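Below: final23.pdb (PDB, C-alpha atoms)
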MODEL        1
ATOM      1  CA  MET A 240      76.284  82.086 111.810
ATOM      2  CA  THR A 241      77.922  79.974 109.096
ATOM      3  CA  GLU A 242      76.070  78.172 106.307
ATOM      4  CA  GLU A 243      76.613  74.890 108.153
ATOM      5  CA  ASP A 244      75.194  76.425 111.369
ATOM      6  CA  VAL A 245      72.069  77.472 109.455
ATOM      7  CA  LEU A 246      71.676  74.065 107.802
ATOM      8  CA  SER A 247      72.133  72.443 111.232
ATOM      9  CA  GLU A 248      69.179  74.510 112.485
ATOM     10  CA  PHE A 249      67.107  73.241 109.519
ATOM     11  CA  ARG A 250      68.159  69.624 110.089
ATOM     12  CA  ALA A 251      67.536  69.792 113.854
ATOM     13  CA  SER A 252      63.960  70.934 113.245
ATOM     14  CA  GLY A 253      63.238  68.435 110.458
ATOM     15  CA  ALA A 254      62.959  71.314 108.007
ATOM     16  CA  LEU A 255      65.409  70.084 105.344
ATOM     17  CA  LEU A 256      63.292  67.653 103.323
ATOM     18  CA  GLU A 257      64.227  65.299 100.483
ATOM     19  CA  GLY A 258      61.816  63.886  97.874
ATOM     20  CA  HIS A 259      59.989  65.464  94.908
ATOM     21  CA  PHE A 260      58.582  68.904  95.646
ATOM     22  CA  LYS A 261      56.686  71.486  93.663
ATOM     23  CA  LEU A 262      57.888  74.853  94.937
ATOM     24  CA  SER A 263      55.711  77.956  95.261
ATOM     25  CA  SER A 264      57.467  79.239  92.121
ATOM     26  CA  GLY A 265      56.020  76.272  90.177
ATOM     27  CA  ARG A 266      59.453  74.684  89.719
ATOM     28  CA  HIS A 267      60.332  71.193  90.966
ATOM     29  CA  SER A 268      63.154  70.179  93.313
ATOM     30  CA  ALA A 269      64.501  67.121  95.135
ATOM     31  CA  HIS A 270      65.047  69.290  98.237
ATOM     32  CA  TYR A 271      62.737  71.544 100.201
ATOM     33  CA  LEU A 272      63.461  73.887 103.066
ATOM     34  CA  GLN A 273      60.336  74.025 105.218
ATOM     35  CA  CYS A 274      60.937  77.378 106.882
ATOM     36  CA  ALA A 275      57.734  77.103 108.913
ATOM     37  CA  ARG A 276      59.280  74.131 110.750
ATOM     38  CA  VAL A 277      62.606  75.854 111.416
ATOM     39  CA  LEU A 278      60.747  78.948 112.653
ATOM     40  CA  MET A 279      58.235  77.130 114.911
ATOM     41  CA  ASP A 280      60.742  77.294 117.773
ATOM     42  CA  PRO A 281      60.671  80.950 118.881
ATOM     43  CA  MET A 282      64.214  80.819 120.251
ATOM     44  CA  ARG A 283      65.541  79.418 116.956
ATOM     45  CA  ALA A 284      63.554  81.974 114.941
ATOM     46  CA  GLY A 285      65.004  84.739 117.082
ATOM     47  CA  ARG A 286      68.570  83.430 116.607
ATOM     48  CA  LEU A 287      68.140  83.257 112.843
ATOM     49  CA  ALA A 288      66.658  86.761 112.609
ATOM     50  CA  SER A 289      69.397  88.164 114.840
ATOM     51  CA  ALA A 290      71.998  86.546 112.580
ATOM     52  CA  ILE A 291      70.445  88.165 109.492
ATOM     53  CA  ALA A 292      70.342  91.561 111.226
ATOM     54  CA  ALA A 293      73.940  91.244 112.446
ATOM     55  CA  ALA A 294      75.149  90.508 108.910
ATOM     56  CA  MET A 295      73.524  93.659 107.492
ATOM     57  CA  PRO A 296      75.561  96.892 107.356
ATOM     58  CA  ARG A 297      75.067  99.050 110.452
ATOM     59  CA  GLU A 298      74.104 102.120 108.400
ATOM     60  CA  LEU A 299      71.388 100.121 106.621
ATOM     61  CA  ARG A 300      69.987  98.843 109.925
ATOM     62  CA  GLY A 301      69.762 102.437 111.159
ATOM     63  CA  GLU A 302      67.909 103.557 108.029
ATOM     64  CA  ILE A 303      64.999 101.096 108.404
ATOM     65  CA  ASP A 304      61.696 102.483 109.711
ATOM     66  CA  LYS A 305      59.542  99.367 109.362
ATOM     67  CA  VAL A 306      59.798  95.681 108.449
ATOM     68  CA  VAL A 307      57.335  94.302 105.894
ATOM     69  CA  SER A 308      56.983  90.656 104.920
ATOM     70  CA  PRO A 309      54.673  88.741 102.599
ATOM     71  CA  ALA A 310      52.185  86.266 104.057
ATOM     72  CA  MET A 311      52.315  83.422 104.764
ATOM     73  CA  GLY A 312      55.951  82.362 104.741
ATOM     74  CA  GLY A 313      57.497  85.683 105.699
ATOM     75  CA  ILE A 314      55.336  86.543 108.709
ATOM     76  CA  ILE A 315      57.348  84.817 111.449
ATOM     77  CA  ILE A 316      60.819  85.758 110.201
ATOM     78  CA  GLY A 317      59.549  89.285 109.473
ATOM     79  CA  HIS A 318      58.225  89.614 113.008
ATOM     80  CA  GLU A 319      61.510  88.343 114.450
ATOM     81  CA  MET A 320      63.464  90.749 112.214
ATOM     82  CA  GLY A 321      61.314  93.553 113.609
ATOM     83  CA  ARG A 322      62.247  92.410 117.106
ATOM     84  CA  ALA A 323      65.963  92.135 116.218
ATOM     85  CA  LEU A 324      65.955  95.640 114.725
ATOM     86  CA  GLY A 325      63.617  97.227 117.271
ATOM     87  CA  ARG A 326      61.134  98.184 114.524
ATOM     88  CA  GLU A 327      57.465  97.513 113.867
ATOM     89  CA  ALA A 328      56.754  94.531 111.630
ATOM     90  CA  VAL A 329      53.702  94.233 109.376
ATOM     91  CA  PHE A 330      52.774  91.880 106.576
ATOM     92  CA  LEU A 331      51.249  91.854 103.121
ATOM     93  CA  GLU A 332      48.423  89.519 102.085
ATOM     94  CA  ARG A 333      47.028  88.374  98.731
ATOM     95  CA  PRO A 334      43.254  88.222  99.285
ATOM     96  CA  GLY A 335      42.568  88.791  95.590
ATOM     97  CA  GLY A 336      45.841  87.509  94.161
ATOM     98  CA  THR A 337      47.776  90.778  94.543
ATOM     99  CA  PHE A 338      49.769  91.787  97.618
ATOM    100  CA  GLU A 339      48.261  94.514  99.794
ATOM    101  CA  LEU A 340      48.410  95.823 103.341
ATOM    102  CA  ARG A 341      45.304  94.981 105.371
ATOM    103  CA  ARG A 342      44.252  94.774 109.063
ATOM    104  CA  GLY A 343      44.853  98.495 109.547
ATOM    105  CA  PHE A 344      48.531  98.239 108.544
ATOM    106  CA  ASP A 345      49.861 101.215 106.635
ATOM    107  CA  LEU A 346      53.041 102.933 105.554
ATOM    108  CA  LYS A 347      53.730 106.630 105.875
ATOM    109  CA  PRO A 348      54.826 108.325 102.647
ATOM    110  CA  GLY A 349      58.548 107.712 102.163
ATOM    111  CA  GLU A 350      58.805 105.292 105.109
ATOM    112  CA  LYS A 351      61.975 103.190 104.721
ATOM    113  CA  VAL A 352      61.133  99.482 104.591
ATOM    114  CA  LEU A 353      63.127  96.296 104.981
ATOM    115  CA  LEU A 354      61.308  93.582 103.038
ATOM    116  CA  VAL A 355      61.824  90.177 104.683
ATOM    117  CA  GLU A 356      61.195  86.766 103.072
ATOM    118  CA  ASP A 357      61.724  83.219 104.249
ATOM    119  CA  VAL A 358      63.031  81.792 100.936
ATOM    120  CA  VAL A 359      63.703  83.600  97.656
ATOM    121  CA  THR A 360      63.755  81.271  94.635
ATOM    122  CA  THR A 361      62.723  83.217  91.523
ATOM    123  CA  GLY A 362      62.368  86.644  93.147
ATOM    124  CA  LEU A 363      58.888  87.060  91.674
ATOM    125  CA  SER A 364      56.980  87.377  94.963
ATOM    126  CA  SER A 365      59.716  89.629  96.392
ATOM    127  CA  LYS A 366      59.340  91.970  93.423
ATOM    128  CA  GLU A 367      55.531  91.863  93.729
ATOM    129  CA  ALA A 368      55.833  92.693  97.435
ATOM    130  CA  MET A 369      58.206  95.583  96.669
ATOM    131  CA  ALA A 370      55.659  96.966  94.196
ATOM    132  CA  ALA A 371      52.924  96.728  96.872
ATOM    133  CA  VAL A 372      55.128  98.594  99.369
ATOM    134  CA  ALA A 373      55.757 101.339  96.791
ATOM    135  CA  GLU A 374      52.031 101.538  96.018
ATOM    136  CA  ALA A 375      51.343 101.936  99.754
ATOM    137  CA  GLY A 376      53.793 104.866  99.911
ATOM    138  CA  GLY A 377      56.827 103.107 101.388
ATOM    139  CA  GLU A 378      60.332 102.775  99.997
ATOM    140  CA  VAL A 379      62.031  99.374 100.122
ATOM    141  CA  VAL A 380      65.668 100.012 101.034
ATOM    142  CA  ALA A 381      66.761  96.345 101.215
ATOM    143  CA  LEU A 382      65.581  92.753 100.974
ATOM    144  CA  ALA A 383      66.513  90.156 103.606
ATOM    145  CA  ALA A 384      65.796  86.430 103.626
ATOM    146  CA  LEU A 385      66.600  83.284 105.527
ATOM    147  CA  VAL A 386      67.500  81.458 102.311
ATOM    148  CA  ASP A 387      68.573  82.581  98.841
ATOM    149  CA  ARG A 388      67.792  79.831  96.325
ATOM    150  CA  THR A 389      68.238  82.077  93.270
ATOM    151  CA  GLY A 390      71.708  80.793  92.451
ATOM    152  CA  GLY A 391      72.680  84.401  91.759
ATOM    153  CA  THR A 392      70.384  84.597  88.737
ATOM    154  CA  VAL A 393      67.989  87.239  90.095
ATOM    155  CA  GLN A 394      68.793  90.926  90.452
ATOM    156  CA  PHE A 395      66.906  93.317  92.705
ATOM    157  CA  ASP A 396      66.822  97.120  92.704
ATOM    158  CA  VAL A 397      67.919  97.062  96.368
ATOM    159  CA  SER A 398      70.625  95.214  98.281
ATOM    160  CA  PHE A 399      69.828  91.581  99.113
ATOM    161  CA  HIS A 400      70.858  90.110 102.490
ATOM    162  CA  PRO A 401      70.189  86.349 102.726
ATOM    163  CA  LEU A 402      71.401  84.419 105.751
ATOM    164  CA  VAL A 403      72.435  81.493 103.551
ATOM    165  CA  GLN A 404      72.670  80.795  99.820
ATOM    166  CA  ILE A 405      71.682  77.305  98.770
ATOM    167  CA  SER A 406      71.632  76.145  95.180
ATOM    168  CA  PHE A 407      69.616  72.956  95.075
ATOM    169  CA  PRO A 408      68.761  72.386  91.404
ATOM    170  CA  THR A 409      65.211  73.206  90.331
ATOM    171  CA  TYR A 410      63.416  72.111  87.178
ATOM    172  CA  ALA A 411      60.512  73.220  85.019
ATOM    173  CA  GLU A 412      57.687  70.684  84.690
ATOM    174  CA  ASP A 413      58.848  69.682  81.195
ATOM    175  CA  GLU A 414      62.530  69.186  82.140
ATOM    176  CA  LEU A 415      62.268  66.830  85.119
ATOM    177  CA  PRO A 416      65.007  64.197  85.360
ATOM    178  CA  ALA A 417      63.557  60.657  85.203
ATOM    179  CA  GLU A 418      64.680  59.826  88.762
ATOM    180  CA  LEU A 419      62.847  62.871  90.149
ATOM    181  CA  ALA A 420      59.730  62.283  88.030
ATOM    182  CA  ALA A 421      59.546  58.732  89.471
ATOM    183  CA  ILE A 422      59.110  60.079  93.029
ATOM    184  CA  PRO A 423      55.553  61.049  94.106
ATOM    185  CA  LEU A 424      55.045  64.822  94.024
ATOM    186  CA  SER A 425      54.538  66.829  97.227
ATOM    187  CA  LYS A 426      53.522  70.495  97.468
ATOM    188  CA  PRO A 427      54.583  71.569 100.969
ATOM    189  CA  GLY A 428      54.507  75.349 100.367
ATOM    190  CA  SER A 429      51.837  77.866 101.242
ATOM    191  CA  ARG A 430      50.566  78.243  97.655
ATOM    192  CA  LYS A 431      48.901  75.059  96.421
TER     193      LYS A 431
ENDMDL
END
Can the structure in the file be given as structure tokens, please?
Amino acid sequence: MTEEDVLSEFRASGALLEGHFKLSSGRHSAHYLQCARVLMDPMRAGRLASAIAAAMPRELRGEIDKVVSPAMGGIIIGHEMGRALGREAVFLERPGGTFELRRGFDLKPGEKVLLVEDVVTTGLSSKEAMAAVAEAGGEVVALAALVDRTGGTVQFDVSFHPLVQISFPTYAEDELPAELAAIPLSKPGSRK
């Protein structure tokens, strides 16, 4: 799947939004990729997950024991990655502000984990999720995502496999361009 194919999937589902958005990272942007909308069609979600899996090295795919994703945004793509790889898929939650496995989910000591996100912007929640996996006894062997919005500025201790890299500019609250500041703010993400 090419970058244009992926963006076509986002456009077709009304998931590529334009306006003034406050991202989950706290940064502002004139563009927002609403992954929940692109993933609401199970066939599309399956195609996107299969494309991510197909782009990963074969030896890495064979090494994965379990797929773990952070709630809320990563649950659907994580589940579909589990299906694409033929592995169980579980998710992390933040009931008290810190990621943890709940609902009877667990990891066996040393279990090899593929961490799956919808969008990675600052890498902060990915790193927090990796720490939670390690605390639960698992070993993250790679990170996969639908969209990489880091612009190449974030490094991870494992290989990173995004389906598409998109570099829409983002801004801190105190550095908003006047034209963006003039547009009413929307917070479409899962963290309000």
Long-range neighbours of A:Ala368 as a list of chain:residue names, 8 Å cut-off, only C-alpha atoms, 5 positions minimum in chain: A:Ser308, A:Pro309, A:Leu331, A:Phe338, A:Leu354
In the coordinate frame of the file, compute which residues have an atom within 7 Å of (70.2, 88.8, 108.8) when using all atoms listed in the file, and state them as a list of chain:residue names.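 Residues with an atom close enough to that point: A:Ala288, A:Ser289, A:Ala290, A:Ile291, A:Ala292, A:Ala293, A:Ala294, A:Met295, A:Ala383, A:His400, A:Pro401, A:Leu402.
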Selection: 12 Å around A:Leu385, only C-alpha atoms, excl. self and same-chain fewer than 3 positions, as a PDB file with C-alpha atoms, keeping the file's coordinate frame:
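Printed below is part.pdb as written:
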ATOM      1  CA  MET A 240      76.284  82.086 111.810  1.00  0.00           C
ATOM      2  CA  GLU A 242      76.070  78.172 106.307  1.00  0.00           C
ATOM      3  CA  VAL A 245      72.069  77.472 109.455  1.00  0.00           C
ATOM      4  CA  LEU A 246      71.676  74.065 107.802  1.00  0.00           C
ATOM      5  CA  GLU A 248      69.179  74.510 112.485  1.00  0.00           C
ATOM      6  CA  PHE A 249      67.107  73.241 109.519  1.00  0.00           C
ATOM      7  CA  LEU A 272      63.461  73.887 103.066  1.00  0.00           C
ATOM      8  CA  GLN A 273      60.336  74.025 105.218  1.00  0.00           C
ATOM      9  CA  CYS A 274      60.937  77.378 106.882  1.00  0.00           C
ATOM     10  CA  ALA A 275      57.734  77.103 108.913  1.00  0.00           C
ATOM     11  CA  VAL A 277      62.606  75.854 111.416  1.00  0.00           C
ATOM     12  CA  LEU A 278      60.747  78.948 112.653  1.00  0.00           C
ATOM     13  CA  ALA A 284      63.554  81.974 114.941  1.00  0.00           C
ATOM     14  CA  GLY A 285      65.004  84.739 117.082  1.00  0.00           C
ATOM     15  CA  ARG A 286      68.570  83.430 116.607  1.00  0.00           C
ATOM     16  CA  LEU A 287      68.140  83.257 112.843  1.00  0.00           C
ATOM     17  CA  ALA A 288      66.658  86.761 112.609  1.00  0.00           C
ATOM     18  CA  SER A 289      69.397  88.164 114.840  1.00  0.00           C
ATOM     19  CA  ALA A 290      71.998  86.546 112.580  1.00  0.00           C
ATOM     20  CA  ILE A 291      70.445  88.165 109.492  1.00  0.00           C
ATOM     21  CA  ALA A 292      70.342  91.561 111.226  1.00  0.00           C
ATOM     22  CA  ALA A 294      75.149  90.508 108.910  1.00  0.00           C
ATOM     23  CA  GLY A 312      55.951  82.362 104.741  1.00  0.00           C
ATOM     24  CA  GLY A 313      57.497  85.683 105.699  1.00  0.00           C
ATOM     25  CA  ILE A 315      57.348  84.817 111.449  1.00  0.00           C
ATOM     26  CA  ILE A 316      60.819  85.758 110.201  1.00  0.00           C
ATOM     27  CA  GLY A 317      59.549  89.285 109.473  1.00  0.00           C
ATOM     28  CA  GLU A 319      61.510  88.343 114.450  1.00  0.00           C
ATOM     29  CA  MET A 320      63.464  90.749 112.214  1.00  0.00           C
ATOM     30  CA  LEU A 354      61.308  93.582 103.038  1.00  0.00           C
ATOM     31  CA  VAL A 355      61.824  90.177 104.683  1.00  0.00           C
ATOM     32  CA  GLU A 356      61.195  86.766 103.072  1.00  0.00           C
ATOM     33  CA  ASP A 357      61.724  83.219 104.249  1.00  0.00           C
ATOM     34  CA  VAL A 358      63.031  81.792 100.936  1.00  0.00           C
ATOM     35  CA  VAL A 359      63.703  83.600  97.656  1.00  0.00           C
ATOM     36  CA  THR A 360      63.755  81.271  94.635  1.00  0.00           C
ATOM     37  CA  LEU A 382      65.581  92.753 100.974  1.00  0.00           C
ATOM     38  CA  ARG A 388      67.792  79.831  96.325  1.00  0.00           C
ATOM     39  CA  PHE A 399      69.828  91.581  99.113  1.00  0.00           C
ATOM     40  CA  HIS A 400      70.858  90.110 102.490  1.00  0.00           C
ATOM     41  CA  PRO A 401      70.189  86.349 102.726  1.00  0.00           C
ATOM     42  CA  LEU A 402      71.401  84.419 105.751  1.00  0.00           C
ATOM     43  CA  VAL A 403      72.435  81.493 103.551  1.00  0.00           C
ATOM     44  CA  GLN A 404      72.670  80.795  99.820  1.00  0.00           C
ATOM     45  CA  ILE A 405      71.682  77.305  98.770  1.00  0.00           C
TER      46      ILE A 405
END
Which distance in Å separates atom CA of A:Arg326 and atom CA of A:Arg276, to one decimal?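 About the pair atom CA of A:Arg326 and atom CA of A:Arg276: they are 24.4 Å apart.
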From A:Ser268, A:Glu257, A:Leu346, A:Ser247, residue lying nearest A:Tyr410 [only C-alpha atoms]: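 Answer, going by the shortest atom-to-atom distance: A:Ser268.
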For a cut-off of 8 Å around (58.8, 70.3, 92.0), file coordinates, pick out all residues using only C-alpha atoms and list them as a list in words.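 Checked against the point, the hits come out as His259, Phe260, Lys261, Leu262, Gly265, Arg266, His267, Ser268, Ala269, Thr409, Tyr410, Ala411, Glu412, Leu424, Ser425 and Lys426 of chain A.
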Apply the PyMOL selection byres ((chain A and resi 350-353) around 10) to the displayed file and report the matching residues as JSON, numbers by chain. {"A": [299, 300, 302, 303, 304, 305, 306, 307, 308, 317, 320, 321, 326, 328, 345, 346, 347, 348, 349, 354, 355, 356, 369, 372, 373, 375, 376, 377, 378, 379, 380, 381, 382, 383, 397]}
Which one is closest to A:Thr337: A:Lys366, A:Ala371, A:Ala251, A:Ala323? Count all atoms listed in the file. A:Ala371
Do you have the atom CA of A:Leu256-atom CA of A:Tyr271 distance handy? 5.0 Å
Have a look at atom CA of A:Thr361 and atom CA of A:Pro408 and let me know their distance in Å, one decimal.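 That distance, rounded to one decimal, is 12.4 Å.
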Take the PyMOL selection byres ((chain A and resi 393) around 9), apply it to the structure above, and return the hits as a ChimeraX atom specification. /A:360-362,389-392,394-395
Please report, as lines of an AutoDock Vina configuration file, the centre and edge lengths in Å to one decimal of an axis-aligned box covering all listed atoms of stretch 341-357 of chain A with 6 Å per side.
center_x = 53.7
center_y = 95.8
center_z = 105.9
size_x = 30.9
size_y = 37.1
size_z = 19.4
Close residues, A:Arg342 itself excluded, 12 Å, all atoms listed in the file, min 2 positions apart in chain, as a list in words: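 My reading of the contact set: Val329, Phe330, Leu331, Glu332, Pro334, Glu339, Leu340, Phe344 and Asp345 of chain A.
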